[in-house]
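Here is the file entry_35.csv (CSV, C-alpha atoms).
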chain,number,residue,atom,x,y,z
A,11,ALA,CA,-99.9,31.9,81.8
A,12,GLN,CA,-101.8,31.0,78.7
A,13,SER,CA,-102.1,27.4,77.8
A,14,VAL,CA,-104.2,24.9,75.8
A,15,THR,CA,-105.3,21.5,76.9
A,16,GLN,CA,-106.0,18.6,74.5
A,17,LEU,CA,-108.3,16.0,76.0
A,18,GLY,CA,-107.5,12.5,74.9
A,19,SER,CA,-103.9,11.7,73.8
A,20,HIS,CA,-105.3,8.9,71.5
A,21,VAL,CA,-108.5,8.9,69.5
A,22,SER,CA,-109.6,6.1,67.2
A,23,VAL,CA,-112.4,6.4,64.7
A,24,SER,CA,-113.6,4.2,61.9
A,25,GLU,CA,-113.1,5.2,58.4
A,26,GLY,CA,-116.1,7.4,57.4
A,27,ALA,CA,-116.9,8.3,60.9
A,28,LEU,CA,-116.9,11.7,62.5
A,29,VAL,CA,-113.6,13.0,63.8
A,30,LEU,CA,-113.7,15.1,67.0
A,31,LEU,CA,-110.4,16.3,68.6
A,32,ARG,CA,-110.8,18.4,71.7
A,33,CYS,CA,-108.9,21.6,72.7
A,34,ASN,CA,-109.6,23.9,75.5
A,35,TYR,CA,-107.8,27.2,76.2
A,36,SER,CA,-107.2,28.8,79.5
A,37,SER,CA,-107.1,32.3,80.8
A,38,SER,CA,-108.3,35.2,78.7
A,39,VAL,CA,-109.6,34.9,75.2
A,40,PRO,CA,-106.7,34.4,72.9
A,41,PRO,CA,-106.5,36.6,69.8
A,42,TYR,CA,-105.8,33.5,67.7
A,43,LEU,CA,-105.6,29.7,67.9
A,44,PHE,CA,-104.2,27.1,65.6
A,45,TRP,CA,-104.5,23.5,64.8
A,46,TYR,CA,-101.5,21.7,63.2
A,47,VAL,CA,-101.1,18.2,61.9
A,48,GLN,CA,-97.9,16.2,62.0
A,49,TYR,CA,-97.4,13.1,59.9
A,50,PRO,CA,-94.7,10.6,61.0
A,51,ASN,CA,-91.2,12.0,60.7
A,52,GLN,CA,-92.4,15.3,59.3
A,53,GLY,CA,-92.8,18.8,60.6
A,54,LEU,CA,-96.1,20.5,61.5
A,55,GLN,CA,-98.5,21.5,58.8
A,56,LEU,CA,-101.0,24.3,59.5
A,57,LEU,CA,-104.6,23.0,59.3
A,58,LEU,CA,-106.5,26.1,60.3
A,59,LYS,CA,-106.3,29.3,62.2
A,60,TYR,CA,-108.8,31.2,64.3
A,61,THR,CA,-108.4,35.0,64.3
A,62,SER,CA,-111.7,36.2,65.8
A,63,ALA,CA,-113.1,37.2,62.4
A,64,ALA,CA,-115.3,34.1,62.5
A,65,THR,CA,-116.0,31.5,65.1
A,66,LEU,CA,-116.3,28.7,62.6
A,67,VAL,CA,-113.0,28.2,60.8
A,68,LYS,CA,-112.6,26.0,57.8
A,69,GLY,CA,-109.2,24.5,57.1
A,70,ILE,CA,-107.6,22.1,54.7
A,71,ASN,CA,-108.4,18.5,54.1
A,72,GLY,CA,-112.0,19.0,55.1
A,73,PHE,CA,-111.3,19.9,58.7
A,74,GLU,CA,-113.0,22.7,60.6
A,75,ALA,CA,-113.0,24.1,64.1
A,76,GLU,CA,-115.4,26.2,66.1
A,77,PHE,CA,-114.3,28.7,68.7
A,78,LYS,CA,-116.7,28.7,71.6
A,79,LYS,CA,-116.0,31.4,74.2
A,80,SER,CA,-118.7,30.0,76.6
A,81,GLU,CA,-116.9,26.7,76.7
A,82,THR,CA,-113.4,28.0,76.2
A,83,SER,CA,-113.0,25.4,73.5
A,84,PHE,CA,-111.7,25.1,70.0
A,85,HIS,CA,-112.4,21.6,68.9
A,86,LEU,CA,-111.4,20.2,65.6
A,87,THR,CA,-113.9,18.2,63.5
A,88,LYS,CA,-114.2,16.4,60.2
A,89,PRO,CA,-117.4,14.8,59.1
A,90,SER,CA,-115.9,11.7,57.6
A,91,ALA,CA,-112.5,10.3,58.4
A,92,HIS,CA,-110.1,9.1,55.8
A,93,MET,CA,-107.2,6.7,56.3
A,94,SER,CA,-104.9,9.5,55.3
A,95,ASP,CA,-106.1,11.5,58.3
A,96,ALA,CA,-104.1,9.3,60.7
A,97,ALA,CA,-101.5,11.6,62.3
A,98,GLU,CA,-100.7,13.6,65.4
A,99,TYR,CA,-102.7,16.8,65.9
A,100,PHE,CA,-101.6,19.8,67.9
A,101,CYS,CA,-103.6,22.7,69.2
A,102,ALA,CA,-101.6,25.9,69.7
A,103,GLY,CA,-102.0,29.4,70.8
A,104,PRO,CA,-99.9,32.6,71.2
A,105,ASN,CA,-97.7,33.1,74.2
A,106,THR,CA,-95.5,36.0,75.3
A,107,GLY,CA,-92.5,36.8,73.2
A,108,ASN,CA,-94.1,35.8,69.9
A,109,GLN,CA,-93.9,32.2,71.1
A,110,PHE,CA,-96.5,29.5,70.8
A,111,TYR,CA,-97.7,27.2,73.5
A,112,PHE,CA,-98.7,23.7,72.3
A,113,GLY,CA,-101.0,21.1,73.6
A,114,THR,CA,-99.7,17.7,74.3
A,115,GLY,CA,-101.0,16.4,71.0
A,116,THR,CA,-103.7,13.9,70.0
A,117,SER,CA,-102.8,10.8,68.0
A,118,LEU,CA,-105.6,10.0,65.6
A,119,THR,CA,-106.0,6.4,64.4
A,120,VAL,CA,-108.4,5.6,61.6
A,121,ILE,CA,-109.7,2.1,61.5
A,122,PRO,CA,-110.5,0.6,58.1
B,4,GLY,CA,-96.8,30.1,50.0
B,5,ALA,CA,-95.2,30.1,53.4
B,6,VAL,CA,-92.8,27.3,52.9
B,7,VAL,CA,-90.0,26.5,55.3
B,8,SER,CA,-87.3,24.1,54.5
B,9,GLN,CA,-84.7,22.4,56.6
B,10,HIS,CA,-81.5,20.7,55.7
B,11,PRO,CA,-80.4,18.1,56.2
B,12,SER,CA,-83.5,16.0,56.8
B,13,ARG,CA,-81.5,13.3,58.5
B,14,VAL,CA,-78.0,13.2,59.8
B,15,ILE,CA,-75.9,10.6,61.6
B,16,CYS,CA,-72.7,11.6,63.2
B,17,LYS,CA,-70.1,10.4,65.6
B,18,SER,CA,-70.1,11.5,69.2
B,19,GLY,CA,-67.9,14.7,69.7
B,20,THR,CA,-68.6,16.1,66.2
B,21,SER,CA,-70.6,19.2,65.4
B,22,VAL,CA,-73.7,19.3,63.3
B,23,LYS,CA,-75.2,22.2,61.5
B,24,ILE,CA,-78.9,22.4,60.6
B,25,GLU,CA,-80.3,25.0,58.3
B,26,CYS,CA,-83.7,26.5,58.4
B,27,ARG,CA,-84.9,28.6,55.4
B,28,SER,CA,-88.1,30.5,54.7
B,29,LEU,CA,-88.4,30.1,51.0
B,30,ASP,CA,-91.1,32.6,50.0
B,31,PHE,CA,-91.4,35.0,52.8
B,32,GLN,CA,-89.1,37.0,55.2
B,33,ALA,CA,-89.0,35.9,58.7
B,34,THR,CA,-87.7,38.2,61.4
B,35,THR,CA,-88.2,35.5,63.9
B,36,MET,CA,-87.5,31.8,63.7
B,37,PHE,CA,-87.9,29.2,66.4
B,38,TRP,CA,-86.1,26.0,67.1
B,39,TYR,CA,-87.9,23.1,68.7
B,40,ARG,CA,-86.9,19.7,69.8
B,41,GLN,CA,-89.3,16.8,69.8
B,42,PHE,CA,-88.9,13.5,71.6
B,43,PRO,CA,-90.9,10.5,70.4
B,44,LYS,CA,-94.6,10.6,71.1
B,45,GLN,CA,-94.3,14.0,72.7
B,46,SER,CA,-95.1,17.6,71.9
B,47,LEU,CA,-92.7,20.2,70.8
B,48,MET,CA,-90.2,21.7,73.2
B,49,LEU,CA,-89.1,25.2,72.4
B,50,MET,CA,-85.3,25.5,72.6
B,51,ALA,CA,-84.7,29.1,71.5
B,52,THR,CA,-86.1,32.1,69.6
B,53,SER,CA,-83.9,33.4,66.8
B,54,ASN,CA,-84.2,37.0,65.8
B,55,GLU,CA,-82.5,38.3,62.6
B,56,GLY,CA,-79.5,40.3,63.4
B,57,SER,CA,-79.4,39.7,67.2
B,58,LYS,CA,-78.6,37.1,69.7
B,59,ALA,CA,-81.0,34.2,70.1
B,60,THR,CA,-83.1,33.9,73.3
B,61,TYR,CA,-82.7,30.5,74.9
B,62,GLU,CA,-85.3,28.7,77.0
B,63,GLN,CA,-84.4,27.7,80.5
B,64,GLY,CA,-82.3,24.6,80.6
B,65,VAL,CA,-81.1,24.9,77.1
B,66,GLU,CA,-77.3,25.3,76.9
B,67,LYS,CA,-76.5,28.2,74.5
B,68,ASP,CA,-72.9,27.1,74.1
B,69,LYS,CA,-74.2,23.6,73.2
B,70,PHE,CA,-76.8,24.7,70.7
B,71,LEU,CA,-75.4,27.6,68.7
B,72,ILE,CA,-78.0,29.6,66.8
B,73,ASN,CA,-77.3,32.1,64.0
B,74,HIS,CA,-79.9,34.1,62.2
B,75,ALA,CA,-77.8,35.9,59.6
B,76,SER,CA,-80.6,36.9,57.2
B,77,LEU,CA,-84.3,37.3,57.0
B,78,THR,CA,-84.6,33.9,55.4
B,79,LEU,CA,-82.0,31.7,57.1
B,80,SER,CA,-81.4,30.5,60.6
B,81,THR,CA,-78.9,27.8,61.6
B,82,LEU,CA,-78.7,25.6,64.6
B,83,THR,CA,-75.3,24.0,65.3
B,84,VAL,CA,-75.2,21.2,67.8
B,85,THR,CA,-71.6,21.3,69.1
B,86,SER,CA,-69.7,18.3,70.4
B,87,ALA,CA,-72.8,16.1,69.9
B,88,HIS,CA,-73.5,13.3,72.3
B,89,PRO,CA,-75.9,10.4,72.0
B,90,GLU,CA,-78.4,12.2,74.3
B,91,ASP,CA,-78.6,14.9,71.7
B,92,SER,CA,-80.2,12.5,69.3
B,93,SER,CA,-83.7,13.8,68.6
B,94,PHE,CA,-86.0,15.4,66.0
B,95,TYR,CA,-85.3,19.1,65.6
B,96,ILE,CA,-87.9,21.3,64.0
B,97,CYS,CA,-87.7,24.9,63.1
B,98,SER,CA,-90.4,27.4,62.4
B,99,ALA,CA,-90.6,30.8,60.9
B,100,ARG,CA,-93.0,33.5,61.9
B,101,ASP,CA,-94.5,35.6,59.1
B,102,ARG,CA,-94.4,39.4,59.2
B,103,VAL,CA,-98.0,39.7,60.4
B,104,GLY,CA,-96.8,37.8,63.4
B,105,GLU,CA,-99.7,35.5,63.9
B,106,THR,CA,-98.7,32.3,62.3
B,107,GLN,CA,-95.7,30.0,62.6
B,108,TYR,CA,-94.8,27.9,59.6
B,109,PHE,CA,-92.8,24.8,60.3
B,110,GLY,CA,-90.0,23.1,58.5
B,111,PRO,CA,-90.1,19.3,57.8
B,112,GLY,CA,-87.7,18.6,60.7
B,113,THR,CA,-84.2,17.1,61.0
B,114,ARG,CA,-83.6,13.7,62.5
B,115,LEU,CA,-80.3,13.7,64.3
B,116,LEU,CA,-78.7,10.4,65.4
B,117,VAL,CA,-75.4,10.6,67.4
B,118,LEU,CA,-73.5,7.4,67.6

How would this structure read if it were set down as structure tokens?
Amino acid sequence: AQSVTQLGSHVSVSEGALVLLRCNYSSSVPPYLFWYVQYPNQGLQLLLKYTSAATLVKGINGFEAEFKKSETSFHLTKPSAHMSDAAEYFCAGPNTGNQFYFGTGTSLTVIP
Amino acid sequence: GAVVSQHPSRVICKSGTSVKIECRSLDFQATTMFWYRQFPKQSLMLMATSNEGSKATYEQGVEKDKFLINHASLTLSTLTVTSAHPEDSSFYICSARDRVGETQYFGPGTRLLVL
């Protein structure tokens, strides 16, 4: 079965520092992958989507992710963290029956 | 575009009562909607897949008589928690799949507290 793995349930960075959130996918190359962000007591907001058209995907709020087939990875990055980036981040991919499988999530803390 | 709303955002009810949560796709038609449950500090747990005009497909371990799902139109799905108990207290999130089928757009969630 397809799945994604998020390494690091908690990541802390200083304000202005690079943000790197890791996601690896299993099995065959997925047709698309997603990163979602969840702020406290809110639903999930789509950050970006990979659809095989381009390996480097730019999303909202300055985030981007690069699909690397050789590493089976789809890590999320942002050059400079803002306090407002503190949230829970989920990597997700397609599963059978039009469903998604989600990673376990990474909680990002930004230290002032 | 691609906005999904949920109502109510927060509900408190007494044990034994039923609660209905609405999920609407505001600016697109969604043939498929999904209902998730999220426990604190955890990922989303898929409860059921709701297809317009047909019966919902429930995940293993989810009681279909407990969590009634109706997808009456291309823009509305409802989840009714019947005879709610304190253990049903949770954060419920719906999502709607666009027609292209690649992306799920999520509602803001509904916080249910059963006393």

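Residues lying within 7 Å of B:Val7, counting all atoms listed in the file and ignoring same-chain neighbours fewer than 6 positions away, are Arg27, Ser28, Leu29, Tyr108, Phe109 and Gly110 of chain B.
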
Neighbour list for A:Gln109 as a PDB file with C-alpha atoms, keeping the file's coordinate frame, cut-off 9 Å, only C-alpha atoms, skip fewer than 5 positions in-chain:
ATOM      1  CA  GLY A 103    -102.000  29.400  70.800  1.00  0.00           C
ATOM      2  CA  PRO A 104     -99.900  32.600  71.200  1.00  0.00           C
TER       3      PRO A 104
ATOM      4  CA  PHE B  37     -87.900  29.200  66.400  1.00  0.00           C
ATOM      5  CA  LEU B  49     -89.100  25.200  72.400  1.00  0.00           C
ATOM      6  CA  THR B  52     -86.100  32.100  69.600  1.00  0.00           C
ATOM      7  CA  GLN B 107     -95.700  30.000  62.600  1.00  0.00           C
TER       8      GLN B 107
END

*Excluding stretch 49-51 of chain A and residues on its chain fewer than 4 positions from it, collect all residues at most 12 Å away from it, counting only C-alpha atoms, and give them as number ranges by chain.*
A: 55-56, 94-100, 116-119; B: 12-13, 41-44, 93-96, 110-115

I need the residues from that last selection saved to file as a PDB file, in the frame of the given file (with C-alpha atoms), if you can.
ATOM      1  CA  GLN A  55     -98.500  21.500  58.800  1.00  0.00           C
ATOM      2  CA  LEU A  56    -101.000  24.300  59.500  1.00  0.00           C
ATOM      3  CA  SER A  94    -104.900   9.500  55.300  1.00  0.00           C
ATOM      4  CA  ASP A  95    -106.100  11.500  58.300  1.00  0.00           C
ATOM      5  CA  ALA A  96    -104.100   9.300  60.700  1.00  0.00           C
ATOM      6  CA  ALA A  97    -101.500  11.600  62.300  1.00  0.00           C
ATOM      7  CA  GLU A  98    -100.700  13.600  65.400  1.00  0.00           C
ATOM      8  CA  TYR A  99    -102.700  16.800  65.900  1.00  0.00           C
ATOM      9  CA  PHE A 100    -101.600  19.800  67.900  1.00  0.00           C
ATOM     10  CA  THR A 116    -103.700  13.900  70.000  1.00  0.00           C
ATOM     11  CA  SER A 117    -102.800  10.800  68.000  1.00  0.00           C
ATOM     12  CA  LEU A 118    -105.600  10.000  65.600  1.00  0.00           C
ATOM     13  CA  THR A 119    -106.000   6.400  64.400  1.00  0.00           C
TER      14      THR A 119
ATOM     15  CA  SER B  12     -83.500  16.000  56.800  1.00  0.00           C
ATOM     16  CA  ARG B  13     -81.500  13.300  58.500  1.00  0.00           C
ATOM     17  CA  GLN B  41     -89.300  16.800  69.800  1.00  0.00           C
ATOM     18  CA  PHE B  42     -88.900  13.500  71.600  1.00  0.00           C
ATOM     19  CA  PRO B  43     -90.900  10.500  70.400  1.00  0.00           C
ATOM     20  CA  LYS B  44     -94.600  10.600  71.100  1.00  0.00           C
ATOM     21  CA  SER B  93     -83.700  13.800  68.600  1.00  0.00           C
ATOM     22  CA  PHE B  94     -86.000  15.400  66.000  1.00  0.00           C
ATOM     23  CA  TYR B  95     -85.300  19.100  65.600  1.00  0.00           C
ATOM     24  CA  ILE B  96     -87.900  21.300  64.000  1.00  0.00           C
ATOM     25  CA  GLY B 110     -90.000  23.100  58.500  1.00  0.00           C
ATOM     26  CA  PRO B 111     -90.100  19.300  57.800  1.00  0.00           C
ATOM     27  CA  GLY B 112     -87.700  18.600  60.700  1.00  0.00           C
ATOM     28  CA  THR B 113     -84.200  17.100  61.000  1.00  0.00           C
ATOM     29  CA  ARG B 114     -83.600  13.700  62.500  1.00  0.00           C
ATOM     30  CA  LEU B 115     -80.300  13.700  64.300  1.00  0.00           C
TER      31      LEU B 115
END

*Proximity to chain A - best of B:Gln9, B:Ser92, B:Thr81, B:Asn73, only C-alpha atoms*: B:Gln9

*Hey, what's within 12 Å of A:Val39 if we count all atoms listed in the file and toss same-chain stuff fewer than 5 positions away? As a PyMOL selection string, please?*
chain A and resi 12-14+34+60-62+77-84+103-104

*asked:* Can you work out which residues from chain A touch chain B at a cut-off of 6 Å (counting all atoms listed in the file) and hand them back as a PyMOL selection string?
replied: chain A and resi 52-54+114

*Excluding B:Leu71 and any residue of its chain fewer than 5 positions from it, enumerate the residues within 12 Å of it, using all atoms listed in the file, and give them as a ChimeraX atom specification.*
/B:21-25,38,50-53,58-61,65-66,80-87

Could you add N, CA, C and O atoms to stretch 17-43 of chain A and give me the result as a CSV table (one decimal), in the coordinates of the input?
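Saved file result_23.csv follows:
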chain,number,residue,atom,x,y,z
A,17,LEU,N,-107.7,17.1,75.3
A,17,LEU,CA,-108.3,16.0,76.0
A,17,LEU,C,-108.2,14.8,75.1
A,17,LEU,O,-108.8,14.8,74.0
A,18,GLY,N,-107.6,13.8,75.6
A,18,GLY,CA,-107.5,12.5,74.9
A,18,GLY,C,-106.2,12.5,74.1
A,18,GLY,O,-106.0,13.2,73.1
A,19,SER,N,-105.2,11.7,74.5
A,19,SER,CA,-103.9,11.7,73.8
A,19,SER,C,-104.1,10.7,72.6
A,19,SER,O,-103.2,10.8,71.7
A,20,HIS,N,-105.1,9.9,72.7
A,20,HIS,CA,-105.3,8.9,71.5
A,20,HIS,C,-106.8,8.9,71.2
A,20,HIS,O,-107.6,8.7,72.1
A,21,VAL,N,-107.1,9.0,69.9
A,21,VAL,CA,-108.5,8.9,69.5
A,21,VAL,C,-108.5,8.0,68.3
A,21,VAL,O,-107.7,8.1,67.4
A,22,SER,N,-109.4,7.0,68.3
A,22,SER,CA,-109.6,6.1,67.2
A,22,SER,C,-111.0,6.2,66.7
A,22,SER,O,-112.0,6.3,67.4
A,23,VAL,N,-111.1,6.3,65.4
A,23,VAL,CA,-112.4,6.4,64.7
A,23,VAL,C,-112.4,5.4,63.5
A,23,VAL,O,-111.3,5.1,63.0
A,24,SER,N,-113.5,5.0,63.1
A,24,SER,CA,-113.6,4.2,61.9
A,24,SER,C,-113.6,5.0,60.7
A,24,SER,O,-114.0,6.2,60.7
A,25,GLU,N,-113.1,4.5,59.6
A,25,GLU,CA,-113.1,5.2,58.4
A,25,GLU,C,-114.5,5.6,58.0
A,25,GLU,O,-115.5,4.8,58.1
A,26,GLY,N,-114.7,6.9,57.7
A,26,GLY,CA,-116.1,7.4,57.4
A,26,GLY,C,-116.8,8.0,58.6
A,26,GLY,O,-117.8,8.7,58.4
A,27,ALA,N,-116.3,7.8,59.7
A,27,ALA,CA,-116.9,8.3,60.9
A,27,ALA,C,-116.5,9.7,61.2
A,27,ALA,O,-115.5,10.2,60.7
A,28,LEU,N,-117.2,10.4,62.1
A,28,LEU,CA,-116.9,11.7,62.5
A,28,LEU,C,-115.6,11.8,63.3
A,28,LEU,O,-115.4,10.9,64.2
A,29,VAL,N,-114.8,12.8,63.1
A,29,VAL,CA,-113.6,13.0,63.8
A,29,VAL,C,-113.8,14.2,64.7
A,29,VAL,O,-114.3,15.3,64.3
A,30,LEU,N,-113.5,14.0,66.0
A,30,LEU,CA,-113.7,15.1,67.0
A,30,LEU,C,-112.4,15.1,67.9
A,30,LEU,O,-112.2,14.2,68.6
A,31,LEU,N,-111.6,16.1,67.8
A,31,LEU,CA,-110.4,16.3,68.6
A,31,LEU,C,-110.6,17.5,69.5
A,31,LEU,O,-110.9,18.6,68.9
A,32,ARG,N,-110.4,17.4,70.7
A,32,ARG,CA,-110.8,18.4,71.7
A,32,ARG,C,-109.6,19.3,72.1
A,32,ARG,O,-108.5,18.8,72.3
A,33,CYS,N,-109.9,20.6,72.2
A,33,CYS,CA,-108.9,21.6,72.7
A,33,CYS,C,-109.6,22.6,73.5
A,33,CYS,O,-110.6,23.2,73.0
A,34,ASN,N,-109.1,22.9,74.7
A,34,ASN,CA,-109.6,23.9,75.5
A,34,ASN,C,-108.5,24.9,75.8
A,34,ASN,O,-107.4,24.5,76.1
A,35,TYR,N,-108.8,26.2,75.9
A,35,TYR,CA,-107.8,27.2,76.2
A,35,TYR,C,-108.1,27.7,77.6
A,35,TYR,O,-109.2,27.7,78.1
A,36,SER,N,-107.1,28.2,78.2
A,36,SER,CA,-107.2,28.8,79.5
A,36,SER,C,-107.1,30.3,79.5
A,36,SER,O,-106.7,30.9,78.5
A,37,SER,N,-107.3,30.8,80.6
A,37,SER,CA,-107.1,32.3,80.8
A,37,SER,C,-108.0,33.1,79.9
A,37,SER,O,-109.1,32.7,79.5
A,38,SER,N,-107.5,34.2,79.5
A,38,SER,CA,-108.3,35.2,78.7
A,38,SER,C,-108.4,34.7,77.3
A,38,SER,O,-107.8,33.7,76.8
A,39,VAL,N,-109.4,35.3,76.6
A,39,VAL,CA,-109.6,34.9,75.2
A,39,VAL,C,-108.4,35.2,74.3
A,39,VAL,O,-108.0,36.3,74.3
A,40,PRO,N,-107.9,34.2,73.7
A,40,PRO,CA,-106.7,34.4,72.9
A,40,PRO,C,-107.1,35.1,71.6
A,40,PRO,O,-108.2,34.9,71.1
A,41,PRO,N,-106.2,35.9,71.0
A,41,PRO,CA,-106.5,36.6,69.8
A,41,PRO,C,-106.5,35.6,68.6
A,41,PRO,O,-107.1,35.9,67.6
A,42,TYR,N,-105.8,34.5,68.7
A,42,TYR,CA,-105.8,33.5,67.7
A,42,TYR,C,-105.4,32.1,68.3
A,42,TYR,O,-104.7,32.1,69.3
A,43,LEU,N,-105.9,31.1,67.6
A,43,LEU,CA,-105.6,29.7,67.9
A,43,LEU,C,-105.4,29.0,66.7
A,43,LEU,O,-105.9,29.3,65.6
